[in-house]
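The next block holds one structure in the form of structure tokens; read it before the comments.
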Amino acid sequence: MKPVCVLGDGQLGRMLRQAGEPMGVAVFPVGLEADPRSVPFEQSVITAEIERWPETTLTRELANHKAFVNRDIFPRLADRLTQKTLLDDLRLATAPWEELSAAAQWPQIFASFNDLAIVKRRVGGYDGRGQWRLAPGDEAALPQECYGSCIVEKGIGFSGEVSLIGARGYDGCMVFYPLTHNLHQDGILRASVALPQPDGALQRRAESMLSAIMHELKYVGVMAMECFILNGDLLINELAPRVHNSGHWTQNGASISQFELHLRAILALPLPEPDVSTPSIMINLIGTDINTHWLADPLVHLHWYEKEVRPGRKVGHINLNHPDGQYLAHSLHYLATLLPAEYQSGLAWARQKLADLN
Ligand SMILES: Nc1ncnc2c1ncn2[C@@H]1O[C@H](COP(=O)(O)OP(=O)(O)OP(=O)(O)O)[C@@H](O)[C@H]1O
Ligand SMILES: [Mg+2]
């Protein structure tokens, strides 16, 4: 089997490498420090774990490689302006938006967006960074450089957030996981819950939207679509042309993880729909040091990224899955005793989601 080179060497690259290993697929995440002599880039298939990667001689080589899957799609989706334009062209519902060019737009923006505007950098934002939530009067605090480099969206009073992770093969066939329910706080994902039997109408709606996008782009591999639920329907928040944090539960909760699914798709291996037979929960570990007592719970699957722990930084996640919701609730209670205060509302949300959805 061909080796795979990944642009970027963060946790997503690490988990792609882990998924490749049992199948005998060698995966080489490539970051700033990578030594070109240790990476067999010439005979590899190339993919990316981030939308924009640092420039080195090696990453430039990979980015121009003829076997770089989806090469022209990355820049198109990495820029929120061209991403939103794609959604509008496909007539897919998304939060109303416009380009932010001058302060003179504000009266009209607040009038049409019902007095809540979210300014987002066109490129480079993540985990809620590069975003400003503004009500009338707040606009003076916006950095001047935002004009010309941001879009502005209507603030959506959503009842919940979900994401759909799917994959498309070279032959155009597509497969999907059940919808994932997500809780974000301050723009960063705290917890996800997925169930084997999602709401059928919402699932079909999401699949038809992501199908239209992957088909239009002739995309190959795993793509994530983040959505707001508003009045029982979906508005697309954003797309990620890669494996995604809200799909991490699939490592332990699906017969094929999103990481393996992505490798299968880009290597033209069989791509059956992954089987999901139990509810799953994923808790992101953010700025918290490792605690081996977590492992005392038999349902805990700890995924620790071996990164330096810093406030606000994703350093690992815990996956839980079990057919009996009571076992899951019990594990969540146990983890609540070991995790700091900022986790408590996310753990309570996950317990409630399980109860509501079951
Ligand atoms: N238009 C909006 N209305 C209301 N809430 C929003 C809006 N846009 C973003 N948010 C909130 O902020 C979160 C992060 O926004 P978004 O996904 O655009 O940013 P990001 O920093 O690129 O995140 P990611 O880490 O997923 O790439 C959303 O999941 C949602 O909770
Ligand atoms: Mg997001």
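Please note that chains go A, B, ... in the order of the structure tokens, that every chain numbers its residues from 1, and that ligands are numbered from 1 in the order shown.
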Give me the residues near A:Glu226 as number ranges by chain, where near means some atom within 9 Å (using only C-alpha atoms) and where sequence neighbours in that chain fewer than 3 positions away do not count. A: 161-165, 235-240, 246
Using only C-alpha atoms and all ligand atoms, tabulate the residues of chain A lying at most 10 Å from any atom of ligand 1, each with its closest atom pair and that distance in Å to one decimal, by chain and increasing residue number, as a Markdown table.
| residue | atom | partner | partner_atom_place_in_ligand_line | distance |
| --- | --- | --- | --- | --- |
| A:Ile50 | CA | ligand 1 | 27 (O) | 9.8 |
| A:Glu51 | CA | ligand 1 | 27 (O) | 9.8 |
| A:Ala78 | CA | ligand 1 | 22 (O) | 9.7 |
| A:Arg80 | CA | ligand 1 | 18 (O) | 9.0 |
| A:Thr94 | CA | ligand 1 | 1 (N) | 8.8 |
| A:Ala95 | CA | ligand 1 | 1 (N) | 5.7 |
| A:Pro96 | CA | ligand 1 | 1 (N) | 7.9 |
| A:Trp97 | CA | ligand 1 | 1 (N) | 8.4 |
| A:Phe113 | CA | ligand 1 | 1 (N) | 9.8 |
| A:Leu116 | CA | ligand 1 | 3 (N) | 8.3 |
| A:Ala117 | CA | ligand 1 | 1 (N) | 7.3 |
| A:Ile118 | CA | ligand 1 | 1 (N) | 5.7 |
| A:Val119 | CA | ligand 1 | 8 (N) | 8.5 |
| A:Lys120 | CA | ligand 1 | 18 (O) | 7.2 |
| A:Arg121 | CA | ligand 1 | 22 (O) | 9.0 |
| A:Arg122 | CA | ligand 1 | 22 (O) | 9.7 |
| A:Val123 | CA | ligand 1 | 22 (O) | 9.1 |
| A:Gly124 | CA | ligand 1 | 22 (O) | 8.2 |
| A:Gly125 | CA | ligand 1 | 21 (O) | 5.2 |
| A:Tyr126 | CA | ligand 1 | 21 (O) | 3.4 |
| A:Asp127 | CA | ligand 1 | 25 (O) | 3.4 |
| A:Gly128 | CA | ligand 1 | 21 (O) | 3.3 |
| A:Arg129 | CA | ligand 1 | 21 (O) | 5.3 |
| A:Gly130 | CA | ligand 1 | 21 (O) | 7.0 |
| A:Gln131 | CA | ligand 1 | 21 (O) | 7.1 |
| A:Trp132 | CA | ligand 1 | 9 (C) | 9.5 |
| A:Arg133 | CA | ligand 1 | 6 (C) | 8.5 |
| A:Val152 | CA | ligand 1 | 1 (N) | 8.3 |
| A:Glu153 | CA | ligand 1 | 1 (N) | 5.1 |
| A:Lys154 | CA | ligand 1 | 1 (N) | 5.1 |
| A:Gly155 | CA | ligand 1 | 3 (N) | 3.6 |
| A:Ile156 | CA | ligand 1 | 3 (N) | 3.8 |
| A:Gly157 | CA | ligand 1 | 4 (C) | 6.2 |
| A:Phe158 | CA | ligand 1 | 4 (C) | 6.9 |
| A:Gly160 | CA | ligand 1 | 31 (O) | 8.7 |
| A:Glu161 | CA | ligand 1 | 29 (O) | 7.0 |
| A:Val162 | CA | ligand 1 | 29 (O) | 9.0 |
| A:Ser163 | CA | ligand 1 | 29 (O) | 9.6 |
| A:Asn182 | CA | ligand 1 | 29 (O) | 8.0 |
| A:Leu183 | CA | ligand 1 | 31 (O) | 7.4 |
| A:His184 | CA | ligand 1 | 31 (O) | 5.0 |
| A:Gln185 | CA | ligand 1 | 31 (O) | 6.7 |
| A:Asp186 | CA | ligand 1 | 12 (O) | 6.8 |
| A:Gly187 | CA | ligand 1 | 13 (C) | 3.9 |
| A:Ile188 | CA | ligand 1 | 25 (O) | 6.1 |
| A:Leu189 | CA | ligand 1 | 29 (O) | 7.1 |
| A:Ala224 | CA | ligand 1 | 26 (O) | 9.7 |
| A:Met225 | CA | ligand 1 | 26 (O) | 9.7 |
| A:Glu226 | CA | ligand 1 | 17 (O) | 7.0 |
| A:Cys227 | CA | ligand 1 | 29 (O) | 8.0 |
| A:Phe228 | CA | ligand 1 | 30 (C) | 7.8 |
| A:Leu235 | CA | ligand 1 | 1 (N) | 9.6 |
| A:Ile236 | CA | ligand 1 | 1 (N) | 9.6 |
| A:Asn237 | CA | ligand 1 | 18 (O) | 6.2 |
| A:Glu238 | CA | ligand 1 | 17 (O) | 6.0 |
| A:Leu239 | CA | ligand 1 | 27 (O) | 8.5 |
| A:Ala240 | CA | ligand 1 | 27 (O) | 7.5 |
| A:His244 | CA | ligand 1 | 26 (O) | 8.2 |
| A:Asn245 | CA | ligand 1 | 26 (O) | 7.8 |
| A:Ser246 | CA | ligand 1 | 26 (O) | 8.6 |
Any chance you could export the current selection's C-alpha atoms as a short mmCIF file (atom, residue, chain, number, x, y, z; two decimals), in the first residue's frame?
data_model
loop_
_atom_site.label_atom_id
_atom_site.label_comp_id
_atom_site.auth_asym_id
_atom_site.auth_seq_id
_atom_site.Cartn_x
_atom_site.Cartn_y
_atom_site.Cartn_z
CA ILE A 50 -5.16 21.77 8.23
CA GLU A 51 -6.44 24.20 5.62
CA ALA A 78 -9.84 27.92 3.73
CA ARG A 80 -14.57 32.01 4.42
CA THR A 94 -26.12 29.23 5.62
CA ALA A 95 -26.04 32.08 8.15
CA PRO A 96 -26.66 35.34 6.22
CA TRP A 97 -23.34 37.09 5.58
CA PHE A 113 -28.78 41.09 11.14
CA LEU A 116 -26.15 40.72 16.54
CA ALA A 117 -23.19 40.37 14.18
CA ILE A 118 -20.34 37.86 14.21
CA VAL A 119 -17.19 39.11 12.50
CA LYS A 120 -14.88 36.32 11.33
CA ARG A 121 -11.44 36.49 9.78
CA ARG A 122 -11.55 35.17 6.23
CA VAL A 123 -8.51 32.96 6.80
CA GLY A 124 -6.61 31.47 9.71
CA GLY A 125 -9.23 31.46 12.52
CA TYR A 126 -9.86 28.32 14.61
CA ASP A 127 -11.39 27.35 17.95
CA GLY A 128 -13.24 30.68 17.99
CA ARG A 129 -10.05 32.73 17.51
CA GLY A 130 -10.28 35.49 14.92
CA GLN A 131 -13.95 36.11 15.76
CA TRP A 132 -15.84 39.02 17.34
CA ARG A 133 -19.45 39.03 18.54
CA VAL A 152 -19.61 39.40 8.95
CA GLU A 153 -22.48 37.02 9.69
CA LYS A 154 -25.85 37.28 11.34
CA GLY A 155 -25.74 35.97 14.93
CA ILE A 156 -27.98 32.89 14.89
CA GLY A 157 -30.16 32.07 17.91
CA PHE A 158 -29.83 28.36 17.31
CA GLY A 160 -28.41 23.37 18.96
CA GLU A 161 -25.40 22.57 16.84
CA VAL A 162 -24.76 19.38 14.87
CA SER A 163 -22.14 18.24 12.42
CA ASN A 182 -21.96 19.47 19.58
CA LEU A 183 -21.57 21.86 22.48
CA HIS A 184 -19.27 24.85 21.91
CA GLN A 185 -18.32 27.34 24.61
CA ASP A 186 -16.47 30.55 23.67
CA GLY A 187 -16.14 29.18 20.13
CA ILE A 188 -14.34 25.97 21.17
CA LEU A 189 -15.83 22.46 21.03
CA ALA A 224 -17.12 17.76 7.94
CA MET A 225 -20.12 20.08 7.76
CA GLU A 226 -20.97 22.07 10.91
CA CYS A 227 -24.58 23.24 11.20
CA PHE A 228 -26.90 25.26 13.41
CA LEU A 235 -28.18 26.24 8.48
CA ILE A 236 -24.61 25.45 7.47
CA ASN A 237 -22.07 27.16 9.73
CA GLU A 238 -18.87 26.02 8.05
CA LEU A 239 -17.13 23.22 6.17
CA ALA A 240 -13.82 21.51 6.91
CA HIS A 244 -12.76 16.94 12.32
CA ASN A 245 -12.82 17.23 16.09
CA SER A 246 -16.55 16.47 16.20
#
Strand (DSSP E) call set, DSSP backbone run, stretch 185-326 of chain A, as JSON, numbers by chain: {"A": [185, 188, 189, 190, 191, 192, 193, 194, 221, 222, 223, 224, 225, 226, 227, 228, 229, 230, 233, 234, 235, 236, 237, 238, 239, 240, 280, 281, 282, 283, 284, 285, 286, 301, 302, 303, 304, 314, 315, 316, 317, 318, 319, 320, 321]}
Env of A:Leu320: 10 Å cut, atoms = only C-alpha atoms, seq-sep filter 4 positions within chain, self excluded. Answer as an MDAnalysis selection string. chainID A and resid 193 249 252:253 278:283 297:302 327:329 331:332
Quick one: write out the picked residues with N, CA and C atoms as a PDB file, in the first residue's frame?
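And here's again.pdb as it stands now:
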ATOM      1  N   VAL A 193     -22.001  14.374  21.264  1.00  0.00           N
ATOM      2  CA  VAL A 193     -22.802  13.175  21.528  1.00  0.00           C
ATOM      3  C   VAL A 193     -23.327  12.668  20.185  1.00  0.00           C
ATOM      4  N   TRP A 249     -15.287  10.802  18.188  1.00  0.00           N
ATOM      5  CA  TRP A 249     -15.989   9.679  18.823  1.00  0.00           C
ATOM      6  C   TRP A 249     -15.940   8.420  17.959  1.00  0.00           C
ATOM      7  N   ASN A 252     -13.766   5.103  18.653  1.00  0.00           N
ATOM      8  CA  ASN A 252     -14.189   3.990  19.509  1.00  0.00           C
ATOM      9  C   ASN A 252     -15.661   3.638  19.323  1.00  0.00           C
ATOM     10  N   GLY A 253     -16.417   4.498  18.640  1.00  0.00           N
ATOM     11  CA  GLY A 253     -17.860   4.308  18.553  1.00  0.00           C
ATOM     12  C   GLY A 253     -18.362   3.885  17.183  1.00  0.00           C
ATOM     13  N   THR A 278     -23.794   1.865  19.104  1.00  0.00           N
ATOM     14  CA  THR A 278     -24.044   2.355  20.472  1.00  0.00           C
ATOM     15  C   THR A 278     -23.955   3.881  20.490  1.00  0.00           C
ATOM     16  N   PRO A 279     -24.560   4.500  21.505  1.00  0.00           N
ATOM     17  CA  PRO A 279     -24.334   5.943  21.685  1.00  0.00           C
ATOM     18  C   PRO A 279     -22.870   6.199  22.046  1.00  0.00           C
ATOM     19  N   SER A 280     -22.372   7.373  21.675  1.00  0.00           N
ATOM     20  CA  SER A 280     -21.000   7.764  21.983  1.00  0.00           C
ATOM     21  C   SER A 280     -20.958   9.178  22.533  1.00  0.00           C
ATOM     22  N   ILE A 281     -19.969   9.399  23.389  1.00  0.00           N
ATOM     23  CA  ILE A 281     -19.734  10.746  23.927  1.00  0.00           C
ATOM     24  C   ILE A 281     -18.252  11.046  23.762  1.00  0.00           C
ATOM     25  N   MET A 282     -17.944  12.294  23.410  1.00  0.00           N
ATOM     26  CA  MET A 282     -16.558  12.747  23.355  1.00  0.00           C
ATOM     27  C   MET A 282     -16.435  14.000  24.202  1.00  0.00           C
ATOM     28  N   ILE A 283     -15.480  13.979  25.118  1.00  0.00           N
ATOM     29  CA  ILE A 283     -15.200  15.160  25.945  1.00  0.00           C
ATOM     30  C   ILE A 283     -13.815  15.677  25.552  1.00  0.00           C
ATOM     31  N   ASP A 297     -12.174   4.368  35.192  1.00  0.00           N
ATOM     32  CA  ASP A 297     -13.506   4.045  34.659  1.00  0.00           C
ATOM     33  C   ASP A 297     -13.333   3.129  33.450  1.00  0.00           C
ATOM     34  N   PRO A 298     -14.049   1.990  33.434  1.00  0.00           N
ATOM     35  CA  PRO A 298     -13.808   1.026  32.347  1.00  0.00           C
ATOM     36  C   PRO A 298     -14.236   1.517  30.966  1.00  0.00           C
ATOM     37  N   LEU A 299     -15.094   2.522  30.883  1.00  0.00           N
ATOM     38  CA  LEU A 299     -15.536   2.995  29.563  1.00  0.00           C
ATOM     39  C   LEU A 299     -14.613   4.060  28.977  1.00  0.00           C
ATOM     40  N   VAL A 300     -13.705   4.578  29.786  1.00  0.00           N
ATOM     41  CA  VAL A 300     -12.882   5.701  29.311  1.00  0.00           C
ATOM     42  C   VAL A 300     -11.844   5.246  28.286  1.00  0.00           C
ATOM     43  N   HIS A 301     -11.933   5.841  27.082  1.00  0.00           N
ATOM     44  CA  HIS A 301     -10.858   5.709  26.092  1.00  0.00           C
ATOM     45  C   HIS A 301     -10.144   7.044  26.074  1.00  0.00           C
ATOM     46  N   LEU A 302      -8.951   7.083  26.609  1.00  0.00           N
ATOM     47  CA  LEU A 302      -8.195   8.330  26.654  1.00  0.00           C
ATOM     48  C   LEU A 302      -7.336   8.474  25.403  1.00  0.00           C
ATOM     49  N   TYR A 327     -24.964   3.312  31.892  1.00  0.00           N
ATOM     50  CA  TYR A 327     -23.523   3.147  32.088  1.00  0.00           C
ATOM     51  C   TYR A 327     -22.789   4.427  31.694  1.00  0.00           C
ATOM     52  N   LEU A 328     -23.245   5.007  30.568  1.00  0.00           N
ATOM     53  CA  LEU A 328     -22.605   6.244  30.103  1.00  0.00           C
ATOM     54  C   LEU A 328     -22.805   7.356  31.123  1.00  0.00           C
ATOM     55  N   ALA A 329     -24.026   7.454  31.643  1.00  0.00           N
ATOM     56  CA  ALA A 329     -24.318   8.503  32.627  1.00  0.00           C
ATOM     57  C   ALA A 329     -23.452   8.302  33.868  1.00  0.00           C
ATOM     58  N   SER A 331     -20.458   6.923  34.007  1.00  0.00           N
ATOM     59  CA  SER A 331     -19.093   7.347  33.695  1.00  0.00           C
ATOM     60  C   SER A 331     -18.970   8.871  33.683  1.00  0.00           C
ATOM     61  N   LEU A 332     -20.009   9.526  33.159  1.00  0.00           N
ATOM     62  CA  LEU A 332     -19.970  11.000  33.138  1.00  0.00           C
ATOM     63  C   LEU A 332     -19.959  11.558  34.554  1.00  0.00           C
TER      64      LEU A 332
END
Excluding same-chain residues fewer than 5 positions from A:Ala254, what lies within 7 Å of it counting only C-alpha atoms, as an mmCIF file with N, CA and C atoms, in the first residue's frame?
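Saved to around26.cif:
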data_model
loop_
_atom_site.group_PDB
_atom_site.id
_atom_site.type_symbol
_atom_site.label_atom_id
_atom_site.label_comp_id
_atom_site.auth_asym_id
_atom_site.auth_seq_id
_atom_site.Cartn_x
_atom_site.Cartn_y
_atom_site.Cartn_z
ATOM 1 N N PRO A 274 -19.712 3.049 7.633
ATOM 2 C CA PRO A 274 -19.320 2.569 8.964
ATOM 3 C C PRO A 274 -20.549 2.182 9.785
ATOM 4 N N ASP A 275 -20.430 1.129 10.572
ATOM 5 C CA ASP A 275 -21.528 0.699 11.434
ATOM 6 C C ASP A 275 -21.394 1.380 12.793
ATOM 7 N N VAL A 276 -22.525 1.895 13.271
ATOM 8 C CA VAL A 276 -22.542 2.540 14.592
ATOM 9 C C VAL A 276 -23.652 1.875 15.394
#
Mind giving me the straight-line distance from atom CA of A:Asn291 to atom CA of A:Glu342 in Å, one decimal? 15.8 Å
Residues of stretch 60-147 of chain A in alpha helix (DSSP H), written as a ChimeraX atom specification: /A:60-63,73-78,80-89,106-112
